[in-house]
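Text of the file upload-v1.cif, holding mmCIF, C-alpha atoms:
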```cif
data_query
loop_
_atom_site.group_PDB
_atom_site.id
_atom_site.type_symbol
_atom_site.label_atom_id
_atom_site.label_comp_id
_atom_site.auth_asym_id
_atom_site.auth_seq_id
_atom_site.Cartn_x
_atom_site.Cartn_y
_atom_site.Cartn_z
ATOM 1 C CA MET G 190 -4.770 -10.395 -4.897
ATOM 2 C CA VAL G 191 -8.284 -11.912 -5.106
ATOM 3 C CA ASN G 192 -8.053 -15.400 -3.581
ATOM 4 C CA ALA G 193 -4.242 -15.124 -3.724
ATOM 5 C CA THR G 194 -2.069 -17.512 -1.732
ATOM 6 C CA HIS G 195 1.632 -17.611 -0.952
ATOM 7 C CA VAL G 196 3.543 -20.717 0.104
ATOM 8 C CA PHE G 197 6.566 -20.118 2.350
ATOM 9 C CA GLU G 198 9.645 -22.306 2.225
ATOM 10 C CA VAL G 199 10.817 -24.100 5.374
ATOM 11 C CA ASP G 200 13.465 -21.470 6.202
ATOM 12 C CA ALA G 201 10.974 -18.629 5.762
ATOM 13 C CA LEU G 202 8.451 -20.401 7.996
ATOM 14 C CA ALA G 203 11.110 -20.753 10.677
ATOM 15 C CA LEU G 204 11.698 -16.987 10.569
ATOM 16 C CA LEU G 205 7.962 -16.308 10.853
ATOM 17 C CA ILE G 206 7.623 -18.653 13.837
ATOM 18 C CA ALA G 207 10.582 -16.977 15.550
ATOM 19 C CA ALA G 208 9.055 -13.556 14.918
ATOM 20 C CA GLN G 209 5.678 -14.662 16.304
ATOM 21 C CA ASP G 210 7.337 -16.047 19.426
ATOM 22 C CA ALA G 211 9.323 -12.826 19.892
ATOM 23 C CA VAL G 212 6.187 -10.666 19.654
ATOM 24 C CA ALA G 213 4.410 -12.937 22.151
ATOM 25 C CA GLN G 214 7.204 -12.875 24.730
ATOM 26 C CA ALA G 215 8.447 -9.322 24.211
ATOM 27 C CA ASP G 216 8.586 -7.028 27.232
ATOM 28 C CA ALA G 217 9.751 -3.454 27.797
ATOM 29 C CA ARG G 218 13.101 -4.235 29.433
ATOM 30 C CA GLY G 219 15.285 -4.459 26.321
ATOM 31 C CA PRO G 220 18.064 -1.998 25.436
ATOM 32 C CA LEU G 221 16.503 -0.731 22.191
ATOM 33 C CA THR G 222 13.141 -0.134 23.863
ATOM 34 C CA ALA G 223 14.866 1.819 26.635
ATOM 35 C CA ALA G 224 17.030 3.794 24.191
ATOM 36 C CA CYS G 225 13.898 4.825 22.256
ATOM 37 C CA GLY G 226 12.209 5.981 25.465
ATOM 38 C CA LEU G 227 9.380 3.478 25.024
ATOM 39 C CA ALA G 228 9.856 1.432 28.196
ATOM 40 C CA ALA G 229 7.035 3.171 30.071
ATOM 41 C CA VAL G 230 4.547 3.240 27.177
ATOM 42 C CA GLY G 231 1.227 1.737 28.254
ATOM 43 C CA PRO G 232 -1.367 -0.160 26.202
ATOM 44 C CA ASP G 233 -3.459 2.983 25.636
ATOM 45 C CA HIS G 234 -0.539 5.049 24.337
ATOM 46 C CA PRO G 235 -0.489 5.837 20.568
ATOM 47 C CA LEU G 236 3.036 4.406 20.359
ATOM 48 C CA HIS G 237 2.200 1.132 22.110
ATOM 49 C CA GLY G 238 2.484 -0.786 18.833
ATOM 50 C CA LEU G 239 5.906 0.701 18.176
ATOM 51 C CA ALA G 240 6.966 -0.205 21.717
ATOM 52 C CA ARG G 241 5.926 -3.837 21.132
ATOM 53 C CA ALA G 242 7.846 -3.854 17.860
ATOM 54 C CA THR G 243 11.050 -2.590 19.479
ATOM 55 C CA ALA G 244 10.632 -5.066 22.338
ATOM 56 C CA ALA G 245 10.401 -7.868 19.768
ATOM 57 C CA VAL G 246 13.591 -6.583 18.137
ATOM 58 C CA ASP G 247 15.309 -6.769 21.540
ATOM 59 C CA VAL G 248 14.422 -10.473 21.614
ATOM 60 C CA LEU G 249 15.360 -11.213 17.987
ATOM 61 C CA ILE G 250 18.619 -9.265 17.994
ATOM 62 C CA ARG G 251 20.247 -12.342 19.531
ATOM 63 C CA ALA G 252 19.085 -14.583 16.670
ATOM 64 C CA PRO G 253 21.720 -14.968 13.915
ATOM 65 C CA ASP G 254 19.076 -15.248 11.175
ATOM 66 C CA PHE G 255 17.824 -11.736 11.968
ATOM 67 C CA ALA G 256 21.208 -9.981 12.092
ATOM 68 C CA GLU G 257 21.572 -7.456 9.264
ATOM 69 C CA GLY G 258 24.930 -6.757 7.677
ATOM 70 C CA ALA G 259 26.244 -3.445 6.414
ATOM 71 C CA GLY G 260 26.234 -2.604 2.722
ATOM 72 C CA HIS G 261 29.346 -1.618 0.835
ATOM 73 C CA GLU G 262 30.570 0.652 -1.921
ATOM 74 C CA ALA G 263 31.439 -0.930 -5.250
ATOM 75 C CA LEU G 264 32.890 0.288 -8.532
ATOM 76 C CA LEU G 265 30.773 -0.039 -11.654
ATOM 77 C CA PRO G 266 33.052 -0.103 -14.710
ATOM 78 C CA LEU G 267 31.916 1.982 -17.687
ATOM 79 C CA PRO G 268 33.557 2.411 -21.102
ATOM 80 C CA SER G 269 35.045 5.803 -20.217
ATOM 81 C CA ARG G 270 35.325 5.623 -16.430
ATOM 82 C CA SER G 271 34.085 3.814 -13.322
ATOM 83 C CA ILE G 272 31.480 5.102 -10.882
ATOM 84 C CA ARG G 273 30.883 4.202 -7.267
ATOM 85 C CA HIS G 274 27.535 2.816 -6.202
ATOM 86 C CA TYR G 275 26.116 1.405 -2.981
ATOM 87 C CA VAL G 276 25.376 -2.321 -2.754
ATOM 88 C CA ALA G 277 22.937 -3.264 0.008
ATOM 89 C CA SER G 278 23.525 -6.378 2.061
ATOM 90 C CA GLU G 279 21.373 -9.453 1.614
ATOM 91 C CA PRO G 280 18.189 -9.102 3.712
ATOM 92 C CA ALA G 281 17.889 -11.163 6.871
ATOM 93 C CA GLY G 282 14.723 -11.839 8.891
ATOM 94 C CA CYS G 283 13.403 -8.304 9.388
ATOM 95 C CA TRP G 284 10.682 -8.974 6.799
ATOM 96 C CA ALA G 285 9.275 -11.786 8.957
ATOM 97 C CA LEU G 286 8.841 -9.507 11.969
ATOM 98 C CA ASN G 287 7.153 -6.857 9.827
ATOM 99 C CA LEU G 288 4.780 -9.449 8.383
ATOM 100 C CA VAL G 289 3.826 -10.641 11.873
ATOM 101 C CA LEU G 290 3.290 -7.049 13.046
ATOM 102 C CA VAL G 291 1.007 -6.347 10.086
ATOM 103 C CA ALA G 292 -0.891 -9.651 10.358
ATOM 104 C CA ARG G 293 -1.591 -9.112 14.065
ATOM 105 C CA GLY G 294 -2.463 -5.436 13.658
ATOM 106 C CA ILE G 295 0.317 -4.423 16.052
ATOM 107 C CA VAL G 296 2.347 -2.168 13.805
ATOM 108 C CA PRO G 297 1.264 1.477 14.111
ATOM 109 C CA PRO G 298 -0.362 2.543 10.843
ATOM 110 C CA VAL G 299 1.288 5.970 10.947
ATOM 111 C CA THR G 300 4.881 5.233 11.933
ATOM 112 C CA GLY G 301 5.248 2.328 9.519
ATOM 113 C CA LEU G 302 7.242 -0.894 9.655
ATOM 114 C CA VAL G 303 10.566 -1.397 11.394
ATOM 115 C CA PRO G 304 13.632 -0.747 9.189
ATOM 116 C CA ARG G 305 16.398 -3.287 8.632
ATOM 117 C CA THR G 306 18.924 -0.905 10.231
ATOM 118 C CA ILE G 307 17.769 -1.679 13.753
ATOM 119 C CA PHE G 308 18.991 -5.269 13.343
ATOM 120 C CA ARG G 309 22.542 -4.077 12.633
ATOM 121 C CA LEU G 310 24.926 -5.592 15.192
ATOM 122 C CA ASP G 311 27.730 -3.154 14.298
ATOM 123 C CA LEU G 312 25.687 -0.207 15.618
ATOM 124 C CA ALA G 313 25.277 0.836 19.231
ATOM 125 C CA ASP G 314 21.819 0.785 20.810
ATOM 126 C CA ALA G 315 21.657 4.587 20.666
ATOM 127 C CA GLU G 316 22.448 4.532 16.929
ATOM 128 C CA ARG G 317 19.809 1.896 16.234
ATOM 129 C CA ALA G 318 17.276 3.862 18.308
ATOM 130 C CA ALA G 319 18.091 7.054 16.378
ATOM 131 C CA ALA G 320 17.596 5.184 13.085
ATOM 132 C CA LEU G 321 14.203 3.905 14.239
ATOM 133 C CA VAL G 322 13.037 7.327 15.447
ATOM 134 C CA ASP G 323 14.180 8.976 12.198
ATOM 135 C CA HIS G 324 12.448 6.286 10.137
ATOM 136 C CA SER G 325 9.211 6.640 12.137
ATOM 137 C CA ASN G 326 9.247 10.427 11.787
ATOM 138 C CA ARG G 327 9.693 10.201 8.012
ATOM 139 C CA GLU G 328 6.907 7.620 7.701
ATOM 140 C CA ALA G 329 4.567 9.696 9.866
ATOM 141 C CA LEU G 330 5.183 12.797 7.738
ATOM 142 C CA ALA G 331 4.698 10.793 4.535
ATOM 143 C CA ALA G 332 1.441 9.315 5.868
ATOM 144 C CA PHE G 333 0.158 12.752 6.872
ATOM 145 C CA THR G 334 1.006 14.154 3.434
ATOM 146 C CA ASN G 335 -0.724 11.206 1.775
ATOM 147 C CA PHE G 336 -3.856 11.642 3.910
ATOM 148 C CA GLU G 337 -3.997 15.306 2.910
ATOM 149 C CA ARG G 338 -3.669 14.349 -0.764
ATOM 150 C CA MET G 339 -6.405 11.738 -0.482
ATOM 151 C CA GLU G 340 -8.770 14.101 1.332
ATOM 152 C CA SER G 341 -8.292 16.735 -1.364
ATOM 153 C CA ALA G 342 -8.749 14.188 -4.176
ATOM 154 C CA LEU G 343 -11.912 12.748 -2.620
ATOM 155 C CA GLY G 344 -13.366 16.236 -2.287
ATOM 156 C CA ARG G 345 -12.517 16.985 -5.912
ATOM 157 C CA GLY G 346 -14.204 13.767 -7.018
ATOM 158 C CA ARG G 347 -17.282 14.426 -4.895
ATOM 159 C CA ASP G 348 -17.713 17.851 -6.498
ATOM 160 C CA ALA G 349 -17.095 16.561 -10.029
ATOM 161 C CA LEU G 350 -19.564 13.669 -9.711
ATOM 162 C CA VAL G 351 -22.335 15.438 -7.800
ATOM 163 C CA GLY G 352 -24.625 15.391 -10.839
ATOM 164 C CA LEU G 353 -24.654 11.595 -11.211
ATOM 165 C CA SER G 354 -27.575 9.500 -10.043
ATOM 166 C CA ARG G 355 -27.491 7.993 -6.571
ATOM 167 C CA ASN G 356 -27.102 4.531 -8.099
ATOM 168 C CA ALA G 357 -23.893 5.435 -9.913
ATOM 169 C CA ARG G 358 -20.771 3.636 -8.726
ATOM 170 C CA ALA G 359 -18.314 6.159 -10.158
ATOM 171 C CA PHE G 360 -17.445 7.701 -6.799
ATOM 172 C CA GLU G 361 -16.716 4.260 -5.333
ATOM 173 C CA ALA G 362 -14.385 3.639 -8.265
ATOM 174 C CA TRP G 363 -12.785 7.021 -7.627
ATOM 175 C CA THR G 364 -12.079 6.163 -3.977
ATOM 176 C CA LEU G 365 -10.205 3.049 -5.117
ATOM 177 C CA LEU G 366 -8.171 5.027 -7.627
ATOM 178 C CA VAL G 367 -7.329 7.657 -5.016
ATOM 179 C CA ALA G 368 -6.081 4.979 -2.644
ATOM 180 C CA LEU G 369 -4.377 2.624 -5.092
ATOM 181 C CA GLY G 370 -3.386 4.819 -8.026
ATOM 182 C CA PRO G 371 -3.577 3.553 -11.625
ATOM 183 C CA THR G 372 -5.953 0.584 -11.793
ATOM 184 C CA THR G 373 -7.199 -1.594 -14.615
ATOM 185 C CA ARG G 374 -10.885 -1.926 -15.422
ATOM 186 C CA LYS G 375 -10.608 -5.645 -14.669
ATOM 187 C CA GLN G 376 -9.447 -4.789 -11.164
ATOM 188 C CA LEU G 377 -12.406 -2.429 -10.795
ATOM 189 C CA THR G 378 -14.781 -5.254 -11.718
ATOM 190 C CA HIS G 379 -13.402 -7.417 -8.882
ATOM 191 C CA ALA G 380 -13.249 -4.615 -6.319
ATOM 192 C CA LEU G 381 -16.741 -3.239 -6.970
ATOM 193 C CA GLY G 382 -18.519 -6.439 -7.987
ATOM 194 C CA LEU G 383 -19.344 -5.071 -11.458
ATOM 195 C CA SER G 384 -19.454 -6.622 -14.880
ATOM 196 C CA ARG G 385 -16.736 -5.575 -17.323
ATOM 197 C CA ALA G 386 -19.257 -3.337 -19.082
ATOM 198 C CA GLY G 387 -20.239 -1.809 -15.757
ATOM 199 C CA ALA G 388 -16.608 -1.001 -15.003
ATOM 200 C CA ASP G 389 -16.326 0.586 -18.446
ATOM 201 C CA ILE G 390 -19.310 2.817 -17.642
ATOM 202 C CA GLN G 391 -17.760 3.997 -14.386
ATOM 203 C CA ALA G 392 -14.399 4.601 -16.057
ATOM 204 C CA ARG G 393 -15.983 6.697 -18.795
ATOM 205 C CA ALA G 394 -17.971 8.668 -16.225
ATOM 206 C CA LEU G 395 -14.757 9.472 -14.356
ATOM 207 C CA ALA G 396 -13.037 10.421 -17.612
ATOM 208 C CA ALA G 397 -15.905 12.695 -18.631
ATOM 209 C CA ALA G 398 -15.589 14.455 -15.273
ATOM 210 C CA GLY G 399 -11.888 15.074 -15.885
ATOM 211 C CA LEU G 400 -10.817 12.853 -12.990
ATOM 212 C CA VAL G 401 -8.999 10.108 -14.893
ATOM 213 C CA MET G 402 -7.210 9.348 -18.121
ATOM 214 C CA LEU G 403 -8.240 6.236 -20.044
ATOM 215 C CA GLU G 404 -5.144 4.504 -21.363
ATOM 216 C CA THR G 405 -4.334 1.437 -23.416
ATOM 217 C CA GLY G 406 -4.760 -1.991 -21.882
ATOM 218 C CA GLY G 407 -7.802 -0.910 -19.866
ATOM 219 C CA LEU G 408 -5.685 1.179 -17.467
ATOM 220 C CA VAL G 409 -7.494 3.961 -15.615
ATOM 221 C CA THR G 410 -5.068 6.594 -14.293
ATOM 222 C CA PRO G 411 -5.998 9.480 -11.967
ATOM 223 C CA ALA G 412 -5.526 12.804 -13.736
ATOM 224 C CA LEU G 413 -3.879 15.852 -12.226
ATOM 225 C CA PRO G 414 -6.224 18.627 -11.019
ATOM 226 C CA GLY G 415 -7.192 20.867 -13.899
ATOM 227 C CA SER G 416 -6.598 18.233 -16.586
ATOM 228 C CA PRO G 417 -9.069 18.348 -19.499
ATOM 229 C CA PRO G 418 -11.626 15.540 -19.770
ATOM 230 C CA SER G 419 -10.277 12.386 -21.386
ATOM 231 C CA SER G 420 -11.165 11.870 -25.029
ATOM 232 C CA PRO G 421 -14.048 9.392 -25.304
ATOM 233 C CA ALA G 422 -13.660 6.134 -27.128
ATOM 234 C CA THR G 423 -14.127 6.129 -30.882
ATOM 235 C CA LEU G 424 -17.310 4.084 -30.530
ATOM 236 C CA ASP G 425 -18.944 6.965 -28.658
ATOM 237 C CA HIS G 426 -18.693 9.213 -31.734
ATOM 238 C CA GLY G 427 -19.024 6.709 -34.542
ATOM 239 C CA PRO G 428 -22.090 5.429 -36.383
ATOM 240 C CA LEU G 429 -22.822 2.988 -33.549
ATOM 241 C CA CYS G 430 -22.811 5.620 -30.793
ATOM 242 C CA ALA G 431 -26.592 5.413 -30.235
ATOM 243 C CA ALA G 432 -26.503 1.614 -29.996
ATOM 244 C CA ALA G 433 -23.529 1.807 -27.636
ATOM 245 C CA ALA G 434 -25.381 4.265 -25.409
ATOM 246 C CA ASP G 435 -28.433 1.973 -25.260
ATOM 247 C CA LEU G 436 -26.193 -0.980 -24.434
ATOM 248 C CA ASP G 437 -24.480 0.981 -21.650
ATOM 249 C CA LEU G 438 -27.815 1.898 -20.092
ATOM 250 C CA SER G 439 -29.037 -1.707 -20.251
ATOM 251 C CA LEU G 440 -25.876 -3.060 -18.695
ATOM 252 C CA ALA G 441 -25.973 -0.407 -15.991
ATOM 253 C CA GLU G 442 -29.529 -1.477 -15.150
ATOM 254 C CA ILE G 443 -28.401 -5.112 -14.994
ATOM 255 C CA ASP G 444 -25.610 -4.142 -12.602
ATOM 256 C CA ARG G 445 -28.075 -2.310 -10.352
ATOM 257 C CA ILE G 446 -30.439 -5.309 -10.299
ATOM 258 C CA LEU G 447 -27.579 -7.684 -9.485
ATOM 259 C CA SER G 448 -26.373 -5.334 -6.763
ATOM 260 C CA ARG G 449 -29.827 -5.305 -5.131
ATOM 261 C CA ARG G 450 -29.986 -9.086 -5.272
ATOM 262 C CA ARG G 451 -26.602 -9.353 -3.542
ATOM 263 C CA ASP G 452 -27.789 -6.963 -0.831
#
```
What does this structure look like when you write it as structure tokens?
Amino acid sequence: MVNATHVFEVDALALLIAAQDAVAQADARGPLTAACGLAAVGPDHPLHGLARATAAVDVLIRAPDFAEGAGHEALLPLPSRSIRHYVASEPAGCWALNLVLVARGIVPPVTGLVPRTIFRLDLADAERAAALVDHSNREALAAFTNFERMESALGRGRDALVGLSRNARAFEAWTLLVALGPTTRKQLTHALGLSRAGADIQARALAAAGLVMLETGGLVTPALPGSPPSSPATLDHGPLCAAAADLDLSLAEIDRILSRRRD
């Protein structure tokens, strides 16, 4: 995503403009906001962002381009028999509202984005409110579980890397892997401002500490707790291991010098 851009088509831009206008003019007098019990939520309340989102839905629910249809059951023919499977409806404009909420920092980070269900016109306001509350509860529980996992993983990495020098960037690389999951060494170079060799050094340090597995294609994957240290590259044990070690140290020193110059 470094320097990435995305060009929206005319129809998509129209949905984004409508969503922006709805967020700007939304108030707390709509039926969904009242059904969710968010009408009296003030600006200092933790659910204020969710209240603004539901108020925007109350505005957009009258726009045909945002109305969500219901999915349907279909039969999938197989050689021996047919099985039923659910086919979701084509998405409407819910994505545009979610993008606006994220871009403006309105959406609550814990309760997550608004689900497509609350734009269903075939549901009563109470049913749409129940779907939103259920969705928010699930997202809040998932976020809490993820925060617990990340806190535990960061503590494990801090303990495993305590013996490294203060100039090492391995723990910074570990924080990215904890947050993002499997990451390539090329991505680590962009995220940490390292050379490719510098990213290799950090990846090998994490592997030696038993925190990651080094896989083909430069992929660095977090290892499960208790996993044995990843096997080092063949070069580390071959006839050129001493030269490789000297090269790693030199490149690490270059990275530190470049880092100081950037600072």
> Near range 218-229 of chain G, within 7 Å and counting all atoms listed in the file, which residues show up once chain neighbours fewer than 6 positions away are dropped, as a list in words?
Replying inline: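 Contacts, in chain order: Ala240, Thr243, Ala244, Asp247, Asp314, Ala315 and Ala318 of chain G.
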If you keep C-alpha atoms, can you produce a file of those selected residues as a compact mmCIF listing (two decimals), in the frame of the given file?
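Heads up, here's the output in part.txt:
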```txt
# COMPACT_ATOMS: atom_id res chain seq x y z
CA ALA G 240 6.97 -0.20 21.72
CA THR G 243 11.05 -2.59 19.48
CA ALA G 244 10.63 -5.07 22.34
CA ASP G 247 15.31 -6.77 21.54
CA ASP G 314 21.82 0.78 20.81
CA ALA G 315 21.66 4.59 20.67
CA ALA G 318 17.28 3.86 18.31
```
> Do you have the CA of Asp200 in chain G-CA of Arg309 in chain G distance handy?
Replying inline: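 Between these atoms lies a distance of 20.6 Å.
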> Residues at most 9 Å from Leu381 in chain G, counting all atoms listed in the file, excluding those fewer than 6 positions away in the same chain, as a ChimeraX atom specification?
Replying inline: /G:358,361-362,388
Need to verify the contact set: Val409 in chain G, 8 Å, all atoms listed in the file, exclusion of same-chain residues closer than 6 positions in sequence. Can you return it as a short mmCIF file (atom, residue, chain, number, x, y, z; two decimals) with C-alpha atoms, keeping the file's coordinate frame?
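Below is the file that was written, around-v1.cif:
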```cif
data_model
loop_
_atom_site.label_atom_id
_atom_site.label_comp_id
_atom_site.auth_asym_id
_atom_site.auth_seq_id
_atom_site.Cartn_x
_atom_site.Cartn_y
_atom_site.Cartn_z
CA PRO G 371 -3.58 3.55 -11.62
CA THR G 372 -5.95 0.58 -11.79
CA THR G 373 -7.20 -1.59 -14.62
CA ARG G 374 -10.88 -1.93 -15.42
CA ALA G 392 -14.40 4.60 -16.06
CA VAL G 401 -9.00 10.11 -14.89
CA MET G 402 -7.21 9.35 -18.12
CA LEU G 403 -8.24 6.24 -20.04
#
```
> Given the file above and the PyMOL selection byres ((chain G and resi 209) around 10), which residues are selected, and can you give them as JSON, numbers by chain?
Replying inline: {"G": [203, 204, 205, 206, 207, 208, 210, 211, 212, 213, 214, 215, 245, 285, 286, 288, 289, 290, 293]}
All residues 9 Å or closer to Trp363 in chain G, only C-alpha atoms, same chain fewer than 6 positions away omitted, as a compact mmCIF listing (two decimals) with C-alpha atoms, in the coordinates of the input:
```txt
# COMPACT_ATOMS: atom_id res chain seq x y z
CA ALA G 342 -8.75 14.19 -4.18
CA LEU G 343 -11.91 12.75 -2.62
CA GLY G 346 -14.20 13.77 -7.02
CA GLN G 391 -17.76 4.00 -14.39
CA ALA G 392 -14.40 4.60 -16.06
CA LEU G 395 -14.76 9.47 -14.36
CA LEU G 400 -10.82 12.85 -12.99
CA VAL G 401 -9.00 10.11 -14.89
CA PRO G 411 -6.00 9.48 -11.97
```
Once the PyMOL selection byres ((chain G and resi 368) around 10) has been applied to the shown file, what residues remain in the selection, as a short mmCIF file (atom, residue, chain, number, x, y, z; two decimals) with C-alpha atoms, keeping the file's coordinate frame?
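Dumped to expr_37.cif:
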```cif
data_model
loop_
_atom_site.label_atom_id
_atom_site.label_comp_id
_atom_site.auth_asym_id
_atom_site.auth_seq_id
_atom_site.Cartn_x
_atom_site.Cartn_y
_atom_site.Cartn_z
CA ASN G 335 -0.72 11.21 1.78
CA PHE G 336 -3.86 11.64 3.91
CA ARG G 338 -3.67 14.35 -0.76
CA MET G 339 -6.40 11.74 -0.48
CA ALA G 342 -8.75 14.19 -4.18
CA LEU G 343 -11.91 12.75 -2.62
CA TRP G 363 -12.78 7.02 -7.63
CA THR G 364 -12.08 6.16 -3.98
CA LEU G 365 -10.20 3.05 -5.12
CA LEU G 366 -8.17 5.03 -7.63
CA VAL G 367 -7.33 7.66 -5.02
CA LEU G 369 -4.38 2.62 -5.09
CA GLY G 370 -3.39 4.82 -8.03
CA PRO G 371 -3.58 3.55 -11.62
#
```
> Interatomic distance between CA of Tyr275 in chain G and CA of Thr306 in chain G?
Replying inline: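 About the pair CA of Tyr275 in chain G and CA of Thr306 in chain G: they are 15.2 Å apart.
Going from CA of Ala357 in chain G to CA of Ala398 in chain G covers 13.4 Å.
If you apply the PyMOL selection byres ((chain G and resi 252-259) around 9) to this structure, you end up with G:Leu204, G:Ala207, G:Val248, G:Leu249, G:Ile250, G:Arg251, G:Gly260, G:His261, G:Ala277, G:Ser278, G:Glu279, G:Pro280, G:Ala281, G:Gly282, G:Cys283, G:Arg305, G:Thr306, G:Ile307, G:Phe308, G:Arg309, G:Leu310, G:Asp311.
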> Of the candidates G:Arg385, G:Gly344, G:Leu350, G:Val296, which shows the shortest atom-to-atom distance to Leu236 in chain G, using only C-alpha atoms?
Replying inline: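 The shortest atom-to-atom distance to Leu236 in chain G comes from G:Val296.
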>> I'd like to know which of G:Leu383, G:Ile272, G:Ile295, G:Ala359 is closest to Pro235 in chain G, using all atoms listed in the file.
In response: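 Of all the options, G:Ile295 lies closest to Pro235 in chain G.
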Emit as JSON the padded axis-aligned box for all listed atoms of range 232-247 of chain G, 5 Å per side, with centre and edge lengths in Å to one decimal.
```
{"center_x": 5.9, "center_y": -1.0, "center_z": 22.0, "size_x": 28.8, "size_y": 23.7, "size_z": 18.3}
```
>> Report as an NGL selection string all protein, DNA and RNA residues lying within 12 Å of Asp323 in chain G, evaluated on all atoms listed in the file, omitting residues in the same chain fewer than 3 positions from it.
In response: :G and (225 or 300-301 or 303-304 or 306-307 or 316-320 or 326-330)
